[in-house]
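Here is the file protein-v1.txt (compact mmCIF, N, CA and C atoms).
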```
# COMPACT_ATOMS: atom_id res chain seq x y z
N MET A 1 173.62 130.91 163.42
CA MET A 1 172.27 131.09 162.89
C MET A 1 172.29 131.96 161.63
N GLY A 2 173.45 132.11 161.01
CA GLY A 2 173.55 132.91 159.80
C GLY A 2 172.66 132.38 158.68
N LYS A 3 172.57 131.07 158.57
CA LYS A 3 171.73 130.47 157.53
C LYS A 3 170.26 130.76 157.75
N SER A 4 169.84 130.87 159.00
CA SER A 4 168.43 131.15 159.27
C SER A 4 168.06 132.56 158.81
N ILE A 5 168.98 133.50 158.97
CA ILE A 5 168.72 134.87 158.51
C ILE A 5 168.65 134.90 156.99
N GLU A 6 169.56 134.17 156.35
CA GLU A 6 169.55 134.08 154.88
C GLU A 6 168.24 133.45 154.39
N LEU A 7 167.81 132.40 155.06
CA LEU A 7 166.55 131.73 154.71
C LEU A 7 165.36 132.66 154.91
N ALA A 8 165.36 133.40 156.01
CA ALA A 8 164.28 134.35 156.29
C ALA A 8 164.19 135.41 155.19
N LYS A 9 165.32 135.89 154.71
CA LYS A 9 165.33 136.89 153.64
C LYS A 9 164.74 136.32 152.35
N ILE A 10 165.05 135.09 152.04
CA ILE A 10 164.51 134.44 150.84
C ILE A 10 162.99 134.30 150.96
N ILE A 11 162.53 133.88 152.12
CA ILE A 11 161.10 133.70 152.35
C ILE A 11 160.36 135.03 152.21
N GLN A 12 160.93 136.08 152.77
CA GLN A 12 160.31 137.41 152.65
C GLN A 12 160.27 137.87 151.19
N LYS A 13 161.37 137.69 150.50
CA LYS A 13 161.46 138.13 149.11
C LYS A 13 160.42 137.41 148.24
N ARG A 14 160.22 136.14 148.49
CA ARG A 14 159.27 135.35 147.70
C ARG A 14 157.85 135.41 148.24
N LYS A 15 157.65 136.15 149.33
CA LYS A 15 156.33 136.34 149.95
C LYS A 15 155.70 135.01 150.37
N VAL A 16 156.51 134.18 151.00
CA VAL A 16 156.05 132.90 151.54
C VAL A 16 155.61 133.14 152.98
N ASN A 17 154.44 132.65 153.34
CA ASN A 17 153.93 132.84 154.71
C ASN A 17 154.44 131.78 155.68
N ILE A 18 154.52 130.53 155.23
CA ILE A 18 154.97 129.43 156.08
C ILE A 18 155.89 128.54 155.26
N ALA A 19 157.01 128.15 155.87
CA ALA A 19 157.93 127.23 155.19
C ALA A 19 158.43 126.19 156.17
N CYS A 20 158.45 124.95 155.73
CA CYS A 20 159.00 123.86 156.53
C CYS A 20 160.37 123.52 155.98
N VAL A 21 161.32 123.30 156.88
CA VAL A 21 162.67 122.95 156.46
C VAL A 21 163.10 121.69 157.19
N SER A 22 163.95 120.93 156.53
CA SER A 22 164.47 119.71 157.14
C SER A 22 165.97 119.65 156.90
N GLU A 23 166.60 118.74 157.63
CA GLU A 23 168.05 118.61 157.61
C GLU A 23 168.69 119.96 157.94
N THR A 24 168.14 120.60 158.97
CA THR A 24 168.55 121.95 159.33
C THR A 24 169.93 122.00 159.98
N ARG A 25 170.29 120.94 160.70
CA ARG A 25 171.57 120.84 161.39
C ARG A 25 171.70 121.82 162.55
N TRP A 26 170.57 122.39 163.01
CA TRP A 26 170.57 123.25 164.19
C TRP A 26 170.31 122.39 165.41
N VAL A 27 171.01 122.63 166.49
CA VAL A 27 170.88 121.84 167.69
C VAL A 27 169.99 122.56 168.70
N GLY A 28 169.11 121.81 169.33
CA GLY A 28 168.28 122.36 170.39
C GLY A 28 166.83 122.43 170.01
N SER A 29 166.07 122.99 170.90
CA SER A 29 164.64 123.13 170.76
C SER A 29 164.33 124.59 171.05
N GLU A 30 164.40 125.42 170.03
CA GLU A 30 164.32 126.85 170.26
C GLU A 30 163.39 127.56 169.30
N SER A 31 163.26 128.86 169.56
CA SER A 31 162.50 129.77 168.72
C SER A 31 163.34 131.03 168.56
N ASP A 32 163.49 131.49 167.34
CA ASP A 32 164.26 132.70 167.07
C ASP A 32 163.48 133.61 166.15
N GLU A 33 163.67 134.90 166.36
CA GLU A 33 163.09 135.88 165.45
C GLU A 33 164.19 136.28 164.49
N CYS A 34 163.93 136.09 163.21
CA CYS A 34 164.89 136.40 162.16
C CYS A 34 164.29 137.49 161.28
N GLY A 35 164.47 138.73 161.67
CA GLY A 35 163.86 139.82 160.92
C GLY A 35 162.36 139.77 161.03
N ARG A 36 161.69 139.63 159.91
CA ARG A 36 160.23 139.58 159.87
C ARG A 36 159.69 138.15 159.93
N VAL A 37 160.53 137.20 160.26
CA VAL A 37 160.15 135.79 160.26
C VAL A 37 160.44 135.17 161.62
N GLN A 38 159.51 134.35 162.11
CA GLN A 38 159.70 133.59 163.35
C GLN A 38 160.10 132.17 162.95
N LEU A 39 161.13 131.65 163.60
CA LEU A 39 161.63 130.31 163.33
C LEU A 39 161.52 129.47 164.58
N TRP A 40 160.89 128.31 164.45
CA TRP A 40 160.88 127.30 165.50
C TRP A 40 161.64 126.11 164.95
N TYR A 41 162.52 125.50 165.75
CA TYR A 41 163.27 124.35 165.25
C TYR A 41 163.55 123.36 166.35
N PHE A 42 163.96 122.17 165.91
CA PHE A 42 164.30 121.10 166.83
C PHE A 42 165.36 120.24 166.17
N GLY A 43 166.52 120.12 166.82
CA GLY A 43 167.60 119.29 166.32
C GLY A 43 168.30 118.61 167.47
N ARG A 44 168.85 117.46 167.19
CA ARG A 44 169.44 116.66 168.26
C ARG A 44 170.97 116.64 168.22
N VAL A 45 171.54 116.48 167.05
CA VAL A 45 172.98 116.32 166.92
C VAL A 45 173.53 117.42 166.00
N LYS A 46 174.57 118.11 166.43
CA LYS A 46 175.15 119.19 165.62
C LYS A 46 175.59 118.65 164.26
N GLY A 47 175.14 119.32 163.21
CA GLY A 47 175.53 118.95 161.86
C GLY A 47 174.76 117.80 161.26
N LYS A 48 173.66 117.40 161.92
CA LYS A 48 172.92 116.25 161.41
C LYS A 48 171.43 116.40 161.70
N ASN A 49 170.61 116.11 160.72
CA ASN A 49 169.15 116.08 160.85
C ASN A 49 168.54 117.40 161.32
N GLY A 50 167.37 117.35 161.90
CA GLY A 50 166.68 118.52 162.41
C GLY A 50 165.59 119.02 161.48
N VAL A 51 164.55 119.61 162.09
CA VAL A 51 163.43 120.19 161.34
C VAL A 51 163.13 121.58 161.89
N GLY A 52 162.46 122.36 161.06
CA GLY A 52 162.07 123.69 161.49
C GLY A 52 160.87 124.19 160.72
N ILE A 53 160.22 125.20 161.26
CA ILE A 53 159.10 125.85 160.59
C ILE A 53 159.30 127.35 160.73
N LEU A 54 159.20 128.04 159.61
CA LEU A 54 159.32 129.50 159.59
C LEU A 54 157.97 130.09 159.26
N VAL A 55 157.60 131.16 159.98
CA VAL A 55 156.31 131.81 159.79
C VAL A 55 156.55 133.31 159.69
N ASP A 56 155.96 133.96 158.69
CA ASP A 56 156.19 135.40 158.54
C ASP A 56 155.44 136.20 159.60
N ARG A 57 155.83 137.46 159.73
CA ARG A 57 155.31 138.33 160.78
C ARG A 57 153.79 138.49 160.69
N GLU A 58 153.25 138.49 159.49
CA GLU A 58 151.82 138.72 159.33
C GLU A 58 150.96 137.69 160.02
N ILE A 59 151.45 136.46 160.13
CA ILE A 59 150.62 135.42 160.75
C ILE A 59 151.24 134.76 161.98
N ARG A 60 152.43 135.18 162.39
CA ARG A 60 153.06 134.50 163.53
C ARG A 60 152.27 134.64 164.83
N GLU A 61 151.49 135.70 164.95
CA GLU A 61 150.64 135.86 166.14
C GLU A 61 149.48 134.86 166.11
N SER A 62 149.25 134.24 164.97
CA SER A 62 148.18 133.24 164.84
C SER A 62 148.60 131.86 165.35
N VAL A 63 149.90 131.68 165.60
CA VAL A 63 150.41 130.39 166.09
C VAL A 63 149.98 130.23 167.55
N VAL A 64 149.22 129.17 167.81
CA VAL A 64 148.71 128.93 169.17
C VAL A 64 149.41 127.76 169.86
N GLU A 65 150.14 126.95 169.07
CA GLU A 65 150.82 125.80 169.67
C GLU A 65 151.99 125.38 168.79
N VAL A 66 153.08 125.00 169.44
CA VAL A 66 154.25 124.44 168.76
C VAL A 66 154.54 123.11 169.44
N ARG A 67 154.60 122.06 168.66
CA ARG A 67 154.82 120.72 169.22
C ARG A 67 156.03 120.09 168.54
N ARG A 68 157.06 119.86 169.32
CA ARG A 68 158.27 119.22 168.80
C ARG A 68 158.20 117.74 169.18
N VAL A 69 157.96 116.90 168.19
CA VAL A 69 157.79 115.47 168.43
C VAL A 69 159.14 114.77 168.47
N SER A 70 159.98 115.04 167.50
CA SER A 70 161.33 114.47 167.42
C SER A 70 162.17 115.35 166.51
N TYR A 71 163.43 114.99 166.36
CA TYR A 71 164.29 115.77 165.47
C TYR A 71 163.92 115.56 164.00
N ARG A 72 162.91 114.74 163.75
CA ARG A 72 162.40 114.52 162.40
C ARG A 72 160.96 115.02 162.21
N LEU A 73 160.28 115.39 163.29
CA LEU A 73 158.88 115.80 163.22
C LEU A 73 158.58 116.95 164.16
N MET A 74 157.93 117.97 163.63
CA MET A 74 157.39 119.01 164.50
C MET A 74 156.14 119.57 163.85
N GLU A 75 155.30 120.18 164.69
CA GLU A 75 154.00 120.67 164.23
C GLU A 75 153.71 122.02 164.85
N ILE A 76 153.10 122.89 164.05
CA ILE A 76 152.56 124.13 164.62
C ILE A 76 151.07 124.17 164.32
N LYS A 77 150.33 124.79 165.22
CA LYS A 77 148.89 124.96 165.06
C LYS A 77 148.64 126.46 164.99
N LEU A 78 147.86 126.88 163.99
CA LEU A 78 147.52 128.29 163.82
C LEU A 78 146.02 128.42 163.73
N VAL A 79 145.51 129.55 164.18
CA VAL A 79 144.10 129.89 163.99
C VAL A 79 144.09 131.13 163.12
N VAL A 80 143.60 130.97 161.88
CA VAL A 80 143.59 132.04 160.89
C VAL A 80 142.18 132.17 160.32
N GLY A 81 141.62 133.34 160.46
CA GLY A 81 140.28 133.56 159.91
C GLY A 81 139.24 132.59 160.45
N GLY A 82 139.37 132.22 161.71
CA GLY A 82 138.41 131.30 162.32
C GLY A 82 138.65 129.84 162.00
N ARG A 83 139.65 129.53 161.21
CA ARG A 83 139.99 128.14 160.86
C ARG A 83 141.27 127.73 161.56
N THR A 84 141.31 126.47 161.96
CA THR A 84 142.51 125.94 162.59
C THR A 84 143.31 125.16 161.57
N LEU A 85 144.59 125.54 161.45
CA LEU A 85 145.50 124.90 160.49
C LEU A 85 146.63 124.24 161.26
N ASN A 86 146.99 123.05 160.85
CA ASN A 86 148.10 122.32 161.44
C ASN A 86 149.15 122.12 160.35
N VAL A 87 150.36 122.58 160.61
CA VAL A 87 151.45 122.45 159.65
C VAL A 87 152.51 121.54 160.28
N VAL A 88 152.86 120.47 159.57
CA VAL A 88 153.82 119.49 160.07
C VAL A 88 155.07 119.53 159.20
N SER A 89 156.21 119.70 159.84
CA SER A 89 157.49 119.59 159.16
C SER A 89 158.01 118.19 159.41
N ALA A 90 158.21 117.42 158.34
CA ALA A 90 158.61 116.02 158.46
C ALA A 90 159.86 115.75 157.63
N TYR A 91 160.85 115.16 158.26
CA TYR A 91 162.09 114.78 157.60
C TYR A 91 162.14 113.26 157.58
N VAL A 92 161.73 112.69 156.46
CA VAL A 92 161.59 111.23 156.31
C VAL A 92 162.97 110.58 156.25
N PRO A 93 163.17 109.48 156.99
CA PRO A 93 164.46 108.78 156.95
C PRO A 93 164.76 108.23 155.55
N GLN A 94 166.02 108.31 155.15
CA GLN A 94 166.43 107.79 153.85
C GLN A 94 166.42 106.27 153.82
N ALA A 95 166.47 105.74 152.63
CA ALA A 95 166.37 104.29 152.41
C ALA A 95 167.43 103.50 153.17
N GLY A 96 168.65 104.00 153.30
CA GLY A 96 169.73 103.24 153.89
C GLY A 96 169.76 103.21 155.41
N LEU A 97 168.85 103.92 156.06
CA LEU A 97 168.87 103.97 157.52
C LEU A 97 168.26 102.73 158.15
N ASP A 98 168.57 102.55 159.42
CA ASP A 98 168.10 101.43 160.21
C ASP A 98 166.56 101.37 160.22
N GLU A 99 166.03 100.17 160.18
CA GLU A 99 164.57 99.97 160.16
C GLU A 99 163.90 100.53 161.41
N GLU A 100 164.59 100.50 162.53
CA GLU A 100 164.03 101.04 163.78
C GLU A 100 163.81 102.55 163.68
N VAL A 101 164.74 103.25 163.05
CA VAL A 101 164.61 104.71 162.85
C VAL A 101 163.39 104.99 161.98
N LYS A 102 163.25 104.22 160.93
CA LYS A 102 162.10 104.39 160.02
C LYS A 102 160.79 104.10 160.75
N ARG A 103 160.76 103.03 161.52
CA ARG A 103 159.54 102.65 162.25
C ARG A 103 159.14 103.75 163.23
N ARG A 104 160.11 104.28 163.98
CA ARG A 104 159.81 105.35 164.95
C ARG A 104 159.29 106.60 164.25
N PHE A 105 159.87 106.93 163.09
CA PHE A 105 159.40 108.10 162.35
C PHE A 105 157.93 107.92 161.94
N TRP A 106 157.61 106.79 161.30
CA TRP A 106 156.25 106.58 160.80
C TRP A 106 155.25 106.50 161.95
N GLU A 107 155.63 105.88 163.06
CA GLU A 107 154.75 105.84 164.23
C GLU A 107 154.50 107.25 164.77
N GLY A 108 155.55 108.06 164.79
CA GLY A 108 155.40 109.44 165.24
C GLY A 108 154.49 110.25 164.33
N LEU A 109 154.64 110.08 163.03
CA LEU A 109 153.79 110.79 162.08
C LEU A 109 152.33 110.36 162.20
N VAL A 110 152.11 109.07 162.36
CA VAL A 110 150.75 108.57 162.55
C VAL A 110 150.14 109.17 163.82
N GLU A 111 150.93 109.24 164.89
CA GLU A 111 150.45 109.83 166.15
C GLU A 111 150.06 111.30 165.96
N VAL A 112 150.89 112.04 165.25
CA VAL A 112 150.61 113.46 165.00
C VAL A 112 149.31 113.61 164.21
N VAL A 113 149.18 112.86 163.13
CA VAL A 113 147.99 112.95 162.27
C VAL A 113 146.73 112.55 163.03
N ARG A 114 146.80 111.48 163.81
CA ARG A 114 145.63 111.04 164.59
C ARG A 114 145.22 112.06 165.64
N GLY A 115 146.17 112.86 166.10
CA GLY A 115 145.89 113.84 167.13
C GLY A 115 145.22 115.11 166.61
N ILE A 116 145.04 115.21 165.31
CA ILE A 116 144.44 116.40 164.71
C ILE A 116 142.95 116.13 164.45
N PRO A 117 142.08 116.92 165.05
CA PRO A 117 140.64 116.73 164.84
C PRO A 117 140.26 116.84 163.36
N PRO A 118 139.29 116.05 162.90
CA PRO A 118 138.90 116.04 161.49
C PRO A 118 138.47 117.43 160.95
N LYS A 119 137.98 118.31 161.80
CA LYS A 119 137.52 119.61 161.34
C LYS A 119 138.68 120.58 161.05
N GLU A 120 139.88 120.22 161.51
CA GLU A 120 141.03 121.09 161.31
C GLU A 120 141.78 120.70 160.04
N LYS A 121 142.40 121.69 159.41
CA LYS A 121 143.17 121.47 158.18
C LYS A 121 144.56 120.95 158.55
N LEU A 122 145.11 120.10 157.68
CA LEU A 122 146.42 119.49 157.91
C LEU A 122 147.28 119.67 156.67
N PHE A 123 148.50 120.18 156.87
CA PHE A 123 149.48 120.33 155.80
C PHE A 123 150.77 119.67 156.26
N ILE A 124 151.27 118.73 155.46
CA ILE A 124 152.52 118.04 155.80
C ILE A 124 153.56 118.40 154.75
```
Please re-express this file's structure in structure tokens.
Amino acid sequence: MGKSIELAKIIQKRKVNIACVSETRWVGSESDECGRVQLWYFGRVKGKNGVGILVDREIRESVVEVRRVSYRLMEIKLVVGGRTLNVVSAYVPQAGLDEEVKRRFWEGLVEVVRGIPPKEKLFI
């Protein structure tokens, strides 16, 4: 997890509150605290694919839900200042991949978007 600590330091230095990462290559479905940043990630195969979302300490207590859809899609829901925000980390399949992989990704993304009430904000 050395790279996650390095990434957390960059996010802190640049004063980024939320960052989505893809092609993380981390295996599992976990949450780690990296200094002042909380990291949620989901990966299936070591050294391949994976997505994650990093949230700084100032707003990590605002996260009310983490949803790991697949190793290409995950979502967090936050309530900040009375508003509900949904942040989706999406790792879109490249052009050369199998059509079935692409179809499953787009179906998953459509499912995530449809599941978000119109009154809530969405960031992909």
* Asked: Which one of A:Tyr71, A:Gly82, A:Leu7, A:Lys121 sits closest to Gly50 of chain A if you count all atoms listed in the file?
  -> A:Tyr71
* Leaving out Val87 of chain A and any residue of its chain fewer than 4 positions from it, which residues lie within 5 Å of it when counting only N, CA and C atoms, given as number ranges by chain? -> A: 75-76, 123
* **Residues near Trp40 of chain A, cut-off 6 Å, only N, CA and C atoms, skip fewer than 5 positions along chain, as a list of chain:residue names** => A:Glu30, A:Ser31, A:Asp32, A:Val51, A:Gly52, A:Ile53, A:Leu54
* **Sel. of strand (DSSP E or B) residues, chain A, as a PyMOL selection string** => chain A and resi 18-22+28-34+37-43+45+48+51-56+63-70+73-80+83-90+121-123
* Asked: Taking into account only N, CA and C atoms, which residue in the set A:Gln38, A:Asn49, A:Leu109, A:Ala8 is nearest to Thr24 of chain A?
  ->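 Looking at the shortest contact to Thr24 of chain A, the residue is A:Asn49.
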* Asked: Using only C-alpha atoms, which residue out of A:Asp56, A:Glu23, A:Ile10, A:Glu65 lies closest to Val92 of chain A?
  ->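 Checking each candidate against Val92 of chain A, we get A:Glu23 as the closest.
Straight-line separation from atom C of Ile59 of chain A to atom CA of Val110 of chain A: 26.2 Å.
Relative to atom CA of Ser22 of chain A, atom CA of Gly96 of chain A is found at 17.6 Å.
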* To do: Find the residue from A:Val64, A:Ile116, A:Val21, A:Leu122 that sits nearest to Tyr91 of chain A; use only N, CA and C atoms when measuring.
  =>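 Of A:Val64, A:Ile116, A:Val21, A:Leu122, the one nearest Tyr91 of chain A, counting only N, CA and C atoms, is A:Val21.
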* Asked: Rounded to one decimal in Å, what is the spacing between atom CA of Phe105 of chain A and atom CA of Ser4 of chain A?
  -> 24.9 Å
* To do: Please run DSSP on the backbone and report, as a list of chain:residue names, all residues within segment 61-117 of chain A that come out as helix (DSSP H, G or I).
  =>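 So, restricting segment 61-117 of chain A to helix (DSSP H, G or I), we get A:Glu99, A:Glu100, A:Val101, A:Lys102, A:Arg103, A:Arg104, A:Phe105, A:Trp106, A:Glu107, A:Gly108, A:Leu109, A:Val110, A:Glu111, A:Val112, A:Val113, A:Arg114.
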* Asked: Which of these residues is nearest to Glu120 of chain A, using all atoms listed in the file: A:Leu85, A:Cys20, A:Val79, A:Leu39?
  ->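 Nearest candidate to Glu120 of chain A out of A:Leu85, A:Cys20, A:Val79, A:Leu39: A:Leu85.
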* To do: Can you pull out every residue within 10 Å of Ile11 of chain A, counting only C-alpha atoms, but drop anything in the same chain fewer than 4 positions away, and send it as a list of chain:residue names?
  => A:Ile5, A:Glu6, A:Leu7, A:Lys15, A:Val16, A:Asn17, A:Ile18, A:Ala19, A:Arg36, A:Val37, A:Leu54, A:Val55, A:Asp56
For segment 101-117 of chain A, I'd like the enclosing box, axis-aligned and padded by 8 Å on every side, reported as JSON with centre and edge lengths in Å to one decimal.
```
{"center_x": 152.5, "center_y": 109.8, "center_z": 163.6, "size_x": 40.5, "size_y": 30.3, "size_z": 23.1}
```
Because the input lacks atoms here, generate N, CA, C and O atoms for segment 46-61 of chain A and report them as a PDB file, in the coordinates of the input.
```
ATOM      1  N   LYS A  46     174.570 118.110 166.430  1.00  0.00           N
ATOM      2  CA  LYS A  46     175.150 119.190 165.620  1.00  0.00           C
ATOM      3  C   LYS A  46     175.590 118.650 164.260  1.00  0.00           C
ATOM      4  O   LYS A  46     176.275 117.649 164.170  1.00  0.00           O
ATOM      5  N   GLY A  47     175.140 119.320 163.210  1.00  0.00           N
ATOM      6  CA  GLY A  47     175.530 118.950 161.860  1.00  0.00           C
ATOM      7  C   GLY A  47     174.760 117.800 161.260  1.00  0.00           C
ATOM      8  O   GLY A  47     175.125 117.283 160.215  1.00  0.00           O
ATOM      9  N   LYS A  48     173.660 117.400 161.920  1.00  0.00           N
ATOM     10  CA  LYS A  48     172.920 116.250 161.410  1.00  0.00           C
ATOM     11  C   LYS A  48     171.430 116.400 161.700  1.00  0.00           C
ATOM     12  O   LYS A  48     171.052 116.788 162.806  1.00  0.00           O
ATOM     13  N   ASN A  49     170.610 116.110 160.720  1.00  0.00           N
ATOM     14  CA  ASN A  49     169.150 116.080 160.850  1.00  0.00           C
ATOM     15  C   ASN A  49     168.540 117.400 161.320  1.00  0.00           C
ATOM     16  O   ASN A  49     169.120 118.460 161.135  1.00  0.00           O
ATOM     17  N   GLY A  50     167.370 117.350 161.900  1.00  0.00           N
ATOM     18  CA  GLY A  50     166.680 118.520 162.410  1.00  0.00           C
ATOM     19  C   GLY A  50     165.590 119.020 161.480  1.00  0.00           C
ATOM     20  O   GLY A  50     165.661 118.858 160.269  1.00  0.00           O
ATOM     21  N   VAL A  51     164.550 119.610 162.090  1.00  0.00           N
ATOM     22  CA  VAL A  51     163.430 120.190 161.340  1.00  0.00           C
ATOM     23  C   VAL A  51     163.130 121.580 161.890  1.00  0.00           C
ATOM     24  O   VAL A  51     163.491 121.910 163.013  1.00  0.00           O
ATOM     25  N   GLY A  52     162.460 122.360 161.060  1.00  0.00           N
ATOM     26  CA  GLY A  52     162.070 123.690 161.490  1.00  0.00           C
ATOM     27  C   GLY A  52     160.870 124.190 160.720  1.00  0.00           C
ATOM     28  O   GLY A  52     160.547 123.644 159.654  1.00  0.00           O
ATOM     29  N   ILE A  53     160.220 125.200 161.260  1.00  0.00           N
ATOM     30  CA  ILE A  53     159.100 125.850 160.590  1.00  0.00           C
ATOM     31  C   ILE A  53     159.300 127.350 160.730  1.00  0.00           C
ATOM     32  O   ILE A  53     159.549 127.845 161.833  1.00  0.00           O
ATOM     33  N   LEU A  54     159.200 128.040 159.610  1.00  0.00           N
ATOM     34  CA  LEU A  54     159.320 129.500 159.590  1.00  0.00           C
ATOM     35  C   LEU A  54     157.970 130.090 159.260  1.00  0.00           C
ATOM     36  O   LEU A  54     157.268 129.599 158.363  1.00  0.00           O
ATOM     37  N   VAL A  55     157.600 131.160 159.980  1.00  0.00           N
ATOM     38  CA  VAL A  55     156.310 131.810 159.790  1.00  0.00           C
ATOM     39  C   VAL A  55     156.550 133.310 159.690  1.00  0.00           C
ATOM     40  O   VAL A  55     157.271 133.874 160.530  1.00  0.00           O
ATOM     41  N   ASP A  56     155.960 133.960 158.690  1.00  0.00           N
ATOM     42  CA  ASP A  56     156.190 135.400 158.540  1.00  0.00           C
ATOM     43  C   ASP A  56     155.440 136.200 159.600  1.00  0.00           C
ATOM     44  O   ASP A  56     154.567 135.697 160.295  1.00  0.00           O
ATOM     45  N   ARG A  57     155.830 137.460 159.730  1.00  0.00           N
ATOM     46  CA  ARG A  57     155.310 138.330 160.780  1.00  0.00           C
ATOM     47  C   ARG A  57     153.790 138.490 160.690  1.00  0.00           C
ATOM     48  O   ARG A  57     153.122 138.616 161.715  1.00  0.00           O
ATOM     49  N   GLU A  58     153.250 138.490 159.490  1.00  0.00           N
ATOM     50  CA  GLU A  58     151.820 138.720 159.330  1.00  0.00           C
ATOM     51  C   GLU A  58     150.960 137.690 160.020  1.00  0.00           C
ATOM     52  O   GLU A  58     149.847 137.975 160.431  1.00  0.00           O
ATOM     53  N   ILE A  59     151.450 136.460 160.130  1.00  0.00           N
ATOM     54  CA  ILE A  59     150.620 135.420 160.750  1.00  0.00           C
ATOM     55  C   ILE A  59     151.240 134.760 161.980  1.00  0.00           C
ATOM     56  O   ILE A  59     150.631 133.888 162.581  1.00  0.00           O
ATOM     57  N   ARG A  60     152.430 135.180 162.390  1.00  0.00           N
ATOM     58  CA  ARG A  60     153.060 134.500 163.530  1.00  0.00           C
ATOM     59  C   ARG A  60     152.270 134.640 164.830  1.00  0.00           C
ATOM     60  O   ARG A  60     152.351 133.782 165.695  1.00  0.00           O
ATOM     61  N   GLU A  61     151.490 135.700 164.950  1.00  0.00           N
ATOM     62  CA  GLU A  61     150.640 135.860 166.140  1.00  0.00           C
ATOM     63  C   GLU A  61     149.480 134.860 166.110  1.00  0.00           C
ATOM     64  O   GLU A  61     148.818 134.670 167.138  1.00  0.00           O
TER      65      GLU A  61
END
```
